[in-house]
$ cat start-v9.cif   # mmCIF, N, CA and C atoms and all ligand atoms
data_start
loop_
_atom_site.label_atom_id
_atom_site.label_comp_id
_atom_site.auth_asym_id
_atom_site.auth_seq_id
_atom_site.Cartn_x
_atom_site.Cartn_y
_atom_site.Cartn_z
N MET F 1 -1.01 -76.66 47.18
CA MET F 1 -1.13 -75.19 47.06
C MET F 1 -0.48 -74.54 48.27
N SER F 2 0.52 -73.72 48.03
CA SER F 2 1.32 -73.19 49.13
C SER F 2 0.54 -72.21 50.00
N ASP F 3 -0.55 -71.61 49.45
CA ASP F 3 -1.30 -70.65 50.25
C ASP F 3 -2.53 -71.27 50.90
N CYS F 4 -2.65 -72.60 50.85
CA CYS F 4 -3.80 -73.28 51.43
C CYS F 4 -3.44 -73.79 52.83
N LEU F 5 -4.26 -73.41 53.81
CA LEU F 5 -3.99 -73.78 55.20
C LEU F 5 -3.87 -75.30 55.37
N PHE F 6 -4.82 -76.05 54.81
CA PHE F 6 -4.80 -77.50 55.05
C PHE F 6 -3.71 -78.20 54.22
N CYS F 7 -3.34 -77.65 53.06
CA CYS F 7 -2.16 -78.18 52.36
C CYS F 7 -0.92 -77.98 53.21
N ARG F 8 -0.84 -76.86 53.88
CA ARG F 8 0.33 -76.58 54.72
C ARG F 8 0.35 -77.50 55.94
N ILE F 9 -0.81 -77.79 56.49
CA ILE F 9 -0.88 -78.76 57.60
C ILE F 9 -0.47 -80.14 57.09
N ALA F 10 -0.96 -80.52 55.90
CA ALA F 10 -0.63 -81.83 55.32
C ALA F 10 0.88 -81.96 55.07
N ALA F 11 1.50 -80.84 54.72
CA ALA F 11 2.94 -80.84 54.44
C ALA F 11 3.78 -80.73 55.72
N GLY F 12 3.12 -80.54 56.87
CA GLY F 12 3.85 -80.41 58.13
C GLY F 12 4.41 -79.02 58.37
N GLU F 13 4.01 -78.06 57.54
CA GLU F 13 4.52 -76.69 57.69
C GLU F 13 3.82 -75.94 58.82
N ILE F 14 2.58 -76.36 59.11
CA ILE F 14 1.82 -75.80 60.23
C ILE F 14 1.48 -76.98 61.14
N PRO F 15 1.75 -76.85 62.43
CA PRO F 15 1.51 -77.99 63.32
C PRO F 15 0.04 -78.29 63.51
N ALA F 16 -0.26 -79.56 63.74
CA ALA F 16 -1.62 -79.99 64.04
C ALA F 16 -1.52 -81.20 64.96
N ASN F 17 -2.59 -81.41 65.70
CA ASN F 17 -2.67 -82.56 66.61
C ASN F 17 -3.20 -83.74 65.78
N VAL F 18 -2.28 -84.50 65.23
CA VAL F 18 -2.63 -85.54 64.24
C VAL F 18 -3.16 -86.79 64.94
N VAL F 19 -4.25 -87.31 64.39
CA VAL F 19 -4.91 -88.52 64.90
C VAL F 19 -4.48 -89.74 64.11
N ALA F 20 -4.42 -89.60 62.80
CA ALA F 20 -4.09 -90.73 61.93
C ALA F 20 -3.67 -90.19 60.57
N ARG F 21 -2.98 -91.03 59.84
CA ARG F 21 -2.46 -90.64 58.53
C ARG F 21 -2.45 -91.86 57.62
N THR F 22 -2.76 -91.67 56.35
CA THR F 22 -2.55 -92.72 55.35
C THR F 22 -1.65 -92.12 54.27
N ALA F 23 -1.41 -92.87 53.21
CA ALA F 23 -0.56 -92.36 52.13
C ALA F 23 -1.18 -91.14 51.48
N ASP F 24 -2.50 -91.05 51.48
CA ASP F 24 -3.15 -89.95 50.75
C ASP F 24 -4.16 -89.15 51.56
N ALA F 25 -4.16 -89.31 52.88
CA ALA F 25 -5.11 -88.54 53.71
C ALA F 25 -4.55 -88.40 55.12
N MET F 26 -5.10 -87.44 55.87
CA MET F 26 -4.73 -87.33 57.27
C MET F 26 -5.90 -86.81 58.09
N ALA F 27 -5.83 -87.06 59.40
CA ALA F 27 -6.88 -86.64 60.32
C ALA F 27 -6.22 -85.92 61.49
N PHE F 28 -6.80 -84.79 61.88
CA PHE F 28 -6.24 -84.02 62.99
C PHE F 28 -7.37 -83.32 63.73
N HIS F 29 -7.11 -83.00 64.99
CA HIS F 29 -8.14 -82.36 65.82
C HIS F 29 -8.41 -80.93 65.34
N ASP F 30 -9.69 -80.57 65.31
CA ASP F 30 -10.10 -79.21 64.95
C ASP F 30 -9.61 -78.25 66.04
N ILE F 31 -9.13 -77.08 65.62
CA ILE F 31 -8.58 -76.10 66.56
C ILE F 31 -9.67 -75.45 67.41
N ASN F 32 -10.91 -75.54 66.93
CA ASN F 32 -12.05 -74.91 67.63
C ASN F 32 -13.18 -75.94 67.73
N PRO F 33 -13.00 -76.95 68.60
CA PRO F 33 -13.92 -78.09 68.60
C PRO F 33 -15.37 -77.72 68.96
N GLN F 34 -16.28 -78.32 68.20
CA GLN F 34 -17.71 -78.09 68.41
C GLN F 34 -18.39 -79.27 69.11
N ALA F 35 -17.59 -80.22 69.55
CA ALA F 35 -18.10 -81.39 70.26
C ALA F 35 -16.91 -81.95 71.04
N PRO F 36 -17.14 -82.82 72.03
CA PRO F 36 -16.02 -83.40 72.79
C PRO F 36 -14.97 -84.03 71.88
N THR F 37 -15.41 -84.67 70.80
CA THR F 37 -14.48 -85.12 69.76
C THR F 37 -14.82 -84.39 68.48
N HIS F 38 -13.84 -83.70 67.91
CA HIS F 38 -14.04 -82.98 66.64
C HIS F 38 -12.75 -83.07 65.85
N VAL F 39 -12.77 -83.95 64.87
CA VAL F 39 -11.58 -84.23 64.06
C VAL F 39 -11.88 -83.88 62.61
N LEU F 40 -10.89 -83.38 61.90
CA LEU F 40 -11.01 -83.07 60.47
C LEU F 40 -10.23 -84.10 59.68
N VAL F 41 -10.85 -84.62 58.63
CA VAL F 41 -10.22 -85.60 57.75
C VAL F 41 -10.05 -84.96 56.38
N ILE F 42 -8.83 -84.92 55.88
CA ILE F 42 -8.54 -84.25 54.60
C ILE F 42 -7.75 -85.17 53.68
N PRO F 43 -7.95 -84.99 52.36
CA PRO F 43 -7.02 -85.64 51.43
C PRO F 43 -5.73 -84.82 51.41
N THR F 44 -4.60 -85.49 51.24
CA THR F 44 -3.33 -84.77 51.15
C THR F 44 -3.30 -83.90 49.89
N GLU F 45 -3.90 -84.41 48.82
CA GLU F 45 -4.01 -83.67 47.55
C GLU F 45 -4.99 -82.50 47.73
N HIS F 46 -4.67 -81.35 47.13
CA HIS F 46 -5.58 -80.21 47.24
C HIS F 46 -6.82 -80.41 46.38
N VAL F 47 -7.96 -80.44 47.04
CA VAL F 47 -9.27 -80.43 46.39
C VAL F 47 -10.04 -79.35 47.14
N ALA F 48 -10.60 -78.37 46.43
CA ALA F 48 -11.11 -77.17 47.09
C ALA F 48 -12.33 -77.44 47.97
N GLY F 49 -13.20 -78.32 47.54
CA GLY F 49 -14.40 -78.57 48.34
C GLY F 49 -15.18 -79.74 47.78
N PRO F 50 -16.30 -80.11 48.43
CA PRO F 50 -17.11 -81.22 47.93
C PRO F 50 -17.51 -81.05 46.47
N ALA F 51 -17.75 -79.81 46.03
CA ALA F 51 -18.18 -79.57 44.65
C ALA F 51 -17.11 -80.01 43.65
N ASP F 52 -15.87 -79.99 44.07
CA ASP F 52 -14.77 -80.37 43.17
C ASP F 52 -14.55 -81.87 43.09
N LEU F 53 -15.30 -82.62 43.88
CA LEU F 53 -15.21 -84.08 43.81
C LEU F 53 -15.90 -84.63 42.57
N VAL F 54 -16.62 -83.77 41.82
CA VAL F 54 -17.27 -84.24 40.59
C VAL F 54 -16.27 -84.38 39.44
N ALA F 55 -15.09 -83.80 39.59
CA ALA F 55 -14.11 -83.85 38.49
C ALA F 55 -13.75 -85.30 38.17
N PRO F 56 -13.49 -85.60 36.88
CA PRO F 56 -13.14 -86.96 36.49
C PRO F 56 -11.97 -87.50 37.31
N GLY F 57 -12.10 -88.73 37.77
CA GLY F 57 -11.02 -89.35 38.53
C GLY F 57 -11.07 -89.10 40.03
N ARG F 58 -11.96 -88.19 40.44
CA ARG F 58 -12.00 -87.84 41.87
C ARG F 58 -12.80 -88.83 42.72
N GLU F 59 -13.44 -89.83 42.07
CA GLU F 59 -14.22 -90.78 42.87
C GLU F 59 -13.32 -91.56 43.83
N ARG F 60 -12.08 -91.76 43.45
CA ARG F 60 -11.15 -92.46 44.34
C ARG F 60 -10.86 -91.61 45.58
N VAL F 61 -10.66 -90.31 45.38
CA VAL F 61 -10.43 -89.40 46.51
C VAL F 61 -11.66 -89.38 47.42
N ALA F 62 -12.84 -89.26 46.80
CA ALA F 62 -14.08 -89.19 47.58
C ALA F 62 -14.30 -90.45 48.38
N GLY F 63 -14.08 -91.59 47.74
CA GLY F 63 -14.30 -92.86 48.42
C GLY F 63 -13.32 -93.09 49.55
N SER F 64 -12.04 -92.83 49.29
CA SER F 64 -11.04 -93.10 50.33
C SER F 64 -11.19 -92.11 51.49
N LEU F 65 -11.65 -90.89 51.19
CA LEU F 65 -11.86 -89.90 52.26
C LEU F 65 -12.97 -90.36 53.20
N LEU F 66 -14.06 -90.82 52.63
CA LEU F 66 -15.19 -91.28 53.45
C LEU F 66 -14.81 -92.53 54.23
N GLN F 67 -14.10 -93.45 53.58
CA GLN F 67 -13.70 -94.67 54.28
C GLN F 67 -12.72 -94.35 55.41
N PHE F 68 -11.81 -93.42 55.17
CA PHE F 68 -10.85 -93.05 56.20
C PHE F 68 -11.56 -92.36 57.37
N ALA F 69 -12.55 -91.51 57.07
CA ALA F 69 -13.32 -90.86 58.14
C ALA F 69 -14.00 -91.92 59.02
N ALA F 70 -14.54 -92.96 58.40
CA ALA F 70 -15.18 -94.04 59.16
C ALA F 70 -14.14 -94.79 60.00
N GLN F 71 -12.96 -94.99 59.46
CA GLN F 71 -11.88 -95.65 60.21
C GLN F 71 -11.47 -94.81 61.42
N VAL F 72 -11.36 -93.50 61.21
CA VAL F 72 -10.96 -92.59 62.29
C VAL F 72 -12.02 -92.60 63.40
N ALA F 73 -13.29 -92.56 63.02
CA ALA F 73 -14.37 -92.61 64.01
C ALA F 73 -14.28 -93.90 64.82
N HIS F 74 -13.95 -94.99 64.16
CA HIS F 74 -13.78 -96.27 64.85
C HIS F 74 -12.60 -96.20 65.80
N GLN F 75 -11.49 -95.66 65.31
CA GLN F 75 -10.27 -95.53 66.13
C GLN F 75 -10.51 -94.67 67.36
N LEU F 76 -11.38 -93.67 67.23
CA LEU F 76 -11.66 -92.76 68.35
C LEU F 76 -12.73 -93.31 69.29
N GLY F 77 -13.23 -94.49 68.99
CA GLY F 77 -14.19 -95.15 69.88
C GLY F 77 -15.60 -94.59 69.80
N LEU F 78 -15.95 -94.04 68.63
CA LEU F 78 -17.24 -93.36 68.50
C LEU F 78 -18.36 -94.24 67.96
N VAL F 79 -18.04 -95.45 67.52
CA VAL F 79 -19.05 -96.24 66.80
C VAL F 79 -20.22 -96.64 67.71
N ALA F 80 -19.93 -97.03 68.94
CA ALA F 80 -21.01 -97.52 69.82
C ALA F 80 -22.03 -96.44 70.11
N THR F 81 -21.58 -95.22 70.39
CA THR F 81 -22.51 -94.14 70.74
C THR F 81 -22.96 -93.36 69.53
N GLY F 82 -22.21 -93.42 68.45
CA GLY F 82 -22.58 -92.72 67.21
C GLY F 82 -21.79 -91.45 67.01
N TYR F 83 -21.91 -90.93 65.83
CA TYR F 83 -21.14 -89.72 65.48
C TYR F 83 -21.77 -89.09 64.25
N ARG F 84 -21.29 -87.91 63.90
CA ARG F 84 -21.80 -87.23 62.71
C ARG F 84 -20.63 -86.87 61.80
N LEU F 85 -20.80 -87.09 60.49
CA LEU F 85 -19.85 -86.65 59.48
C LEU F 85 -20.47 -85.46 58.75
N VAL F 86 -19.69 -84.39 58.57
CA VAL F 86 -20.19 -83.17 57.93
C VAL F 86 -19.19 -82.71 56.88
N LEU F 87 -19.69 -82.36 55.69
CA LEU F 87 -18.87 -81.68 54.68
C LEU F 87 -19.59 -80.39 54.31
N ASN F 88 -18.92 -79.26 54.48
CA ASN F 88 -19.51 -77.97 54.14
C ASN F 88 -18.99 -77.52 52.77
N GLN F 89 -19.89 -76.95 51.97
CA GLN F 89 -19.52 -76.44 50.64
C GLN F 89 -19.97 -74.99 50.50
N GLY F 90 -19.03 -74.11 50.23
CA GLY F 90 -19.35 -72.73 49.86
C GLY F 90 -19.98 -71.91 50.97
N VAL F 91 -20.47 -70.75 50.57
CA VAL F 91 -20.96 -69.76 51.54
C VAL F 91 -22.16 -70.28 52.32
N ASP F 92 -23.18 -70.76 51.61
CA ASP F 92 -24.37 -71.24 52.32
C ASP F 92 -24.07 -72.48 53.15
N GLY F 93 -23.10 -73.26 52.74
CA GLY F 93 -22.73 -74.45 53.51
C GLY F 93 -21.89 -74.13 54.74
N GLY F 94 -21.40 -72.89 54.81
CA GLY F 94 -20.59 -72.50 55.96
C GLY F 94 -19.14 -72.93 55.86
N GLN F 95 -18.65 -73.15 54.62
CA GLN F 95 -17.25 -73.57 54.46
C GLN F 95 -16.33 -72.37 54.68
N SER F 96 -15.34 -72.55 55.57
CA SER F 96 -14.41 -71.45 55.84
C SER F 96 -12.99 -71.76 55.39
N VAL F 97 -12.68 -73.02 55.12
CA VAL F 97 -11.35 -73.40 54.61
C VAL F 97 -11.54 -74.09 53.26
N GLY F 98 -10.86 -73.58 52.22
CA GLY F 98 -11.06 -74.06 50.85
C GLY F 98 -10.23 -75.27 50.49
N HIS F 99 -10.27 -76.27 51.33
CA HIS F 99 -9.63 -77.57 51.06
C HIS F 99 -10.59 -78.59 51.66
N VAL F 100 -11.10 -79.48 50.84
CA VAL F 100 -12.19 -80.35 51.28
C VAL F 100 -11.82 -81.09 52.57
N HIS F 101 -12.78 -81.16 53.48
CA HIS F 101 -12.55 -81.84 54.76
C HIS F 101 -13.84 -82.42 55.28
N VAL F 102 -13.71 -83.57 55.92
CA VAL F 102 -14.85 -84.19 56.59
C VAL F 102 -14.70 -83.91 58.08
N HIS F 103 -15.74 -83.28 58.67
CA HIS F 103 -15.76 -83.12 60.12
C HIS F 103 -16.26 -84.43 60.72
N VAL F 104 -15.53 -84.96 61.69
CA VAL F 104 -15.98 -86.12 62.47
C VAL F 104 -16.31 -85.60 63.87
N LEU F 105 -17.60 -85.61 64.19
CA LEU F 105 -18.08 -85.03 65.45
C LEU F 105 -18.70 -86.11 66.31
N GLY F 106 -18.31 -86.16 67.58
CA GLY F 106 -18.89 -87.16 68.47
C GLY F 106 -18.70 -86.79 69.92
N GLY F 107 -19.28 -87.62 70.78
CA GLY F 107 -19.13 -87.41 72.22
C GLY F 107 -20.27 -86.64 72.84
N ARG F 108 -21.24 -86.24 72.03
CA ARG F 108 -22.46 -85.62 72.55
C ARG F 108 -23.59 -85.91 71.58
N ARG F 109 -24.83 -85.73 72.05
CA ARG F 109 -25.98 -85.96 71.18
C ARG F 109 -26.13 -84.79 70.21
N MET F 110 -26.13 -85.06 68.93
CA MET F 110 -26.28 -84.01 67.92
C MET F 110 -27.75 -83.64 67.75
N THR F 111 -27.99 -82.44 67.29
CA THR F 111 -29.36 -82.01 67.02
C THR F 111 -29.62 -81.98 65.52
N TRP F 112 -30.90 -81.98 65.17
CA TRP F 112 -31.29 -81.89 63.77
C TRP F 112 -32.54 -81.03 63.69
N PRO F 113 -32.68 -80.10 62.76
CA PRO F 113 -31.75 -79.81 61.69
C PRO F 113 -30.51 -79.07 62.17
N PRO F 114 -29.41 -79.16 61.38
CA PRO F 114 -28.20 -78.43 61.73
C PRO F 114 -28.43 -76.93 61.57
N GLY F 115 -27.65 -76.13 62.26
CA GLY F 115 -27.81 -74.67 62.20
C GLY F 115 -27.32 -74.08 60.90
P1 LIG J 201 -15.36 -75.38 57.61
O1 LIG J 201 -15.98 -74.20 58.30
O2 LIG J 201 -14.58 -74.95 56.40
O3 LIG J 201 -16.31 -76.50 57.31
O4 LIG J 201 -14.35 -76.02 58.66
C1 LIG J 201 -13.06 -75.54 58.84
C2 LIG J 201 -12.61 -76.00 60.20
O5 LIG J 201 -11.22 -75.82 60.29
C3 LIG J 201 -13.25 -75.22 61.36
O6 LIG J 201 -13.97 -76.12 62.19
C4 LIG J 201 -12.05 -74.59 62.07
O7 LIG J 201 -12.17 -74.58 63.47
C5 LIG J 201 -10.90 -75.46 61.61
N1 LIG J 201 -9.63 -74.78 61.55
C6 LIG J 201 -9.37 -73.55 61.02
N2 LIG J 201 -8.07 -73.25 61.11
C7 LIG J 201 -7.48 -74.34 61.69
C8 LIG J 201 -6.11 -74.62 62.04
O8 LIG J 201 -5.19 -73.85 61.84
N3 LIG J 201 -5.88 -75.83 62.63
C9 LIG J 201 -6.88 -76.73 62.88
N4 LIG J 201 -6.54 -77.88 63.47
N5 LIG J 201 -8.18 -76.48 62.55
C10 LIG J 201 -8.46 -75.31 61.97
ZN ZN J 202 -5.21 -77.37 50.03
#

$ encode --input "start-v9.cif" --output "structure tokens"
Amino acid sequence: MSDCLFCRIAAGEIPANVVARTADAMAFHDINPQAPTHVLVIPTEHVAGPADLVAPGRERVAGSLLQFAAQVAHQLGLVATGYRLVLNQGVDGGQSVGHVHVHVLGGRRMTWPPG
């Protein structure tokens, strides 16, 4: 989608600080980090949000996205101390970009419940 921010980042039209890339996903540093490490993991294919992962055939996207997020956390050295994965959906979820993304947050102790 040409008007989608994360599609444009995936296409290289908007620069990002890229951490890792696969054939169908990429990871880059969040522009407004909420933790010492804050990386976003996205599928290259446009999927609007977690709610759209219910569509037929999307289990492959969902699975590879989660596995890639775990790989990125490992690559960033977060496994020993721990990390948090977050997916926001819609207004109540606090989603601000309409292209599904996994937040990988680490480097500090997280609190619960989330705000
Ligand atoms: P959401 O609020 O939708 O769950 O998360 C969207 C995230 O995208 C936010 O954490 C925000 O800081 C990040 N973000 C928004 N615009 C950009 C951008 O242009 N580049 C990067 N790297 N991150 C962005
Ligand atoms: Zn998109």

$ atom_distance --input "start-v9.cif" --atom1 "CA of Ile42 in chain F" --atom2 "CA of Pro113 in chain F"
24.7 Å

$ residues_near_ligand --input "start-v9.cif" --ligand "ligand LIG 201 (chain J)" --cutoff "6.5 Å" --atoms "only N, CA and C atoms and all ligand atoms" --output "short mmCIF file (atom, residue, chain, number, x, y, z; two decimals) with N, CA and C atoms, keeping the file's coordinate frame"
data_model
loop_
_atom_site.label_atom_id
_atom_site.label_comp_id
_atom_site.auth_asym_id
_atom_site.auth_seq_id
_atom_site.Cartn_x
_atom_site.Cartn_y
_atom_site.Cartn_z
N PRO F 15 1.75 -76.85 62.43
CA PRO F 15 1.51 -77.99 63.32
C PRO F 15 0.04 -78.29 63.51
N ALA F 16 -0.26 -79.56 63.74
CA ALA F 16 -1.62 -79.99 64.04
C ALA F 16 -1.52 -81.20 64.96
N ASN F 17 -2.59 -81.41 65.70
CA ASN F 17 -2.67 -82.56 66.61
C ASN F 17 -3.20 -83.74 65.78
N PHE F 28 -6.80 -84.79 61.88
CA PHE F 28 -6.24 -84.02 62.99
C PHE F 28 -7.37 -83.32 63.73
N HIS F 29 -7.11 -83.00 64.99
CA HIS F 29 -8.14 -82.36 65.82
C HIS F 29 -8.41 -80.93 65.34
N ASP F 30 -9.69 -80.57 65.31
CA ASP F 30 -10.10 -79.21 64.95
C ASP F 30 -9.61 -78.25 66.04
N ILE F 31 -9.13 -77.08 65.62
CA ILE F 31 -8.58 -76.10 66.56
C ILE F 31 -9.67 -75.45 67.41
N ASN F 32 -10.91 -75.54 66.93
CA ASN F 32 -12.05 -74.91 67.63
C ASN F 32 -13.18 -75.94 67.73
N PRO F 33 -13.00 -76.95 68.60
CA PRO F 33 -13.92 -78.09 68.60
C PRO F 33 -15.37 -77.72 68.96
N LEU F 87 -19.69 -82.36 55.69
CA LEU F 87 -18.87 -81.68 54.68
C LEU F 87 -19.59 -80.39 54.31
N ASN F 88 -18.92 -79.26 54.48
CA ASN F 88 -19.51 -77.97 54.14
C ASN F 88 -18.99 -77.52 52.77
N GLN F 89 -19.89 -76.95 51.97
CA GLN F 89 -19.52 -76.44 50.64
C GLN F 89 -19.97 -74.99 50.50
N GLY F 94 -21.40 -72.89 54.81
CA GLY F 94 -20.59 -72.50 55.96
C GLY F 94 -19.14 -72.93 55.86
N GLN F 95 -18.65 -73.15 54.62
CA GLN F 95 -17.25 -73.57 54.46
C GLN F 95 -16.33 -72.37 54.68
N SER F 96 -15.34 -72.55 55.57
CA SER F 96 -14.41 -71.45 55.84
C SER F 96 -12.99 -71.76 55.39
N VAL F 97 -12.68 -73.02 55.12
CA VAL F 97 -11.35 -73.40 54.61
C VAL F 97 -11.54 -74.09 53.26
N GLY F 98 -10.86 -73.58 52.22
CA GLY F 98 -11.06 -74.06 50.85
C GLY F 98 -10.23 -75.27 50.49
#

$ residues_near_ligand --input "start-v9.cif" --ligand "ligand ZN 202 (chain J)" --cutoff "5 Å" --atoms "all atoms listed in the file" --output "PyMOL selection string"
chain F and resi 4+6-7+46+99

$ closest_residue --input "start-v9.cif" --among "F:Gln75, F:Thr37, F:Gln67, F:Thr44" --to "Val104 in chain F" --atoms "all atoms listed in the file"
F:Thr37

$ atom_distance --input "start-v9.cif" --atom1 "CA of Val39 in chain F" --atom2 "atom C of His103 in chain F"
5.8 Å

$ atom_distance --input "start-v9.cif" --atom1 "atom C of Arg84 in chain F" --atom2 "atom N of Gly106 in chain F"
6.3 Å

$ residues_around --input "start-v9.cif" --residues "Leu78 in chain F" --least-positions-apart "5" --cutoff "7 Å" --atoms "only N, CA and C atoms" --output "ChimeraX atom specification"
/F:72-73,83,106-107

$ select_by_dssp --input "start-v9.cif" --residues "chain F" --states "strand (DSSP E or B)" --output "list in words"
Val18, Val19, Ala20, Arg21, Ala25, Met26, Ala27, Phe28, His29, Thr37, His38, Val39, Leu40, Val41, Ile42, Pro43, Tyr83, Arg84, Leu85, Val86, Val102, His103, Val104, Leu105 and Gly106 of chain F

$ decode --input "start-v9.cif" --residues "range 17-31 of chain F" --atoms "N, CA and C atoms" --output "mmCIF file, in the first residue's frame"
data_model
loop_
_atom_site.group_PDB
_atom_site.id
_atom_site.type_symbol
_atom_site.label_atom_id
_atom_site.label_comp_id
_atom_site.auth_asym_id
_atom_site.auth_seq_id
_atom_site.Cartn_x
_atom_site.Cartn_y
_atom_site.Cartn_z
ATOM 1 N N ASN F 17 16.413 2.433 10.610
ATOM 2 C CA ASN F 17 17.617 1.812 11.169
ATOM 3 C C ASN F 17 17.341 0.306 11.267
ATOM 4 N N VAL F 18 17.700 -0.406 10.216
ATOM 5 C CA VAL F 18 17.309 -1.822 10.077
ATOM 6 C C VAL F 18 18.206 -2.722 10.923
ATOM 7 N N VAL F 19 17.558 -3.651 11.622
ATOM 8 C CA VAL F 19 18.240 -4.616 12.493
ATOM 9 C C VAL F 19 18.426 -5.943 11.769
ATOM 10 N N ALA F 20 17.402 -6.372 11.069
ATOM 11 C CA ALA F 20 17.439 -7.676 10.394
ATOM 12 C C ALA F 20 16.337 -7.710 9.349
ATOM 13 N N ARG F 21 16.499 -8.626 8.415
ATOM 14 C CA ARG F 21 15.550 -8.743 7.307
ATOM 15 C C ARG F 21 15.464 -10.205 6.895
ATOM 16 N N THR F 22 14.279 -10.667 6.534
ATOM 17 C CA THR F 22 14.129 -11.976 5.895
ATOM 18 C C THR F 22 13.424 -11.727 4.567
ATOM 19 N N ALA F 23 13.097 -12.803 3.860
ATOM 20 C CA ALA F 23 12.414 -12.651 2.575
ATOM 21 C C ALA F 23 11.053 -11.996 2.752
ATOM 22 N N ASP F 24 10.426 -12.199 3.903
ATOM 23 C CA ASP F 24 9.056 -11.697 4.069
ATOM 24 C C ASP F 24 8.827 -10.858 5.321
ATOM 25 N N ALA F 25 9.899 -10.418 5.973
ATOM 26 C CA ALA F 25 9.734 -9.587 7.178
ATOM 27 C C ALA F 25 10.971 -8.731 7.380
ATOM 28 N N MET F 26 10.822 -7.678 8.193
ATOM 29 C CA MET F 26 11.992 -6.885 8.551
ATOM 30 C C MET F 26 11.839 -6.324 9.956
ATOM 31 N N ALA F 27 12.976 -5.951 10.541
ATOM 32 C CA ALA F 27 13.005 -5.399 11.896
ATOM 33 C C ALA F 27 13.822 -4.122 11.869
ATOM 34 N N PHE F 28 13.315 -3.085 12.526
ATOM 35 C CA PHE F 28 14.023 -1.806 12.560
ATOM 36 C C PHE F 28 13.744 -1.113 13.883
ATOM 37 N N HIS F 29 14.648 -0.221 14.263
ATOM 38 C CA HIS F 29 14.510 0.484 15.539
ATOM 39 C C HIS F 29 13.336 1.460 15.495
ATOM 40 N N ASP F 30 12.569 1.485 16.583
ATOM 41 C CA ASP F 30 11.458 2.436 16.712
ATOM 42 C C ASP F 30 12.024 3.856 16.789
ATOM 43 N N ILE F 31 11.356 4.790 16.123
ATOM 44 C CA ILE F 31 11.826 6.176 16.068
ATOM 45 C C ILE F 31 11.670 6.886 17.421
#
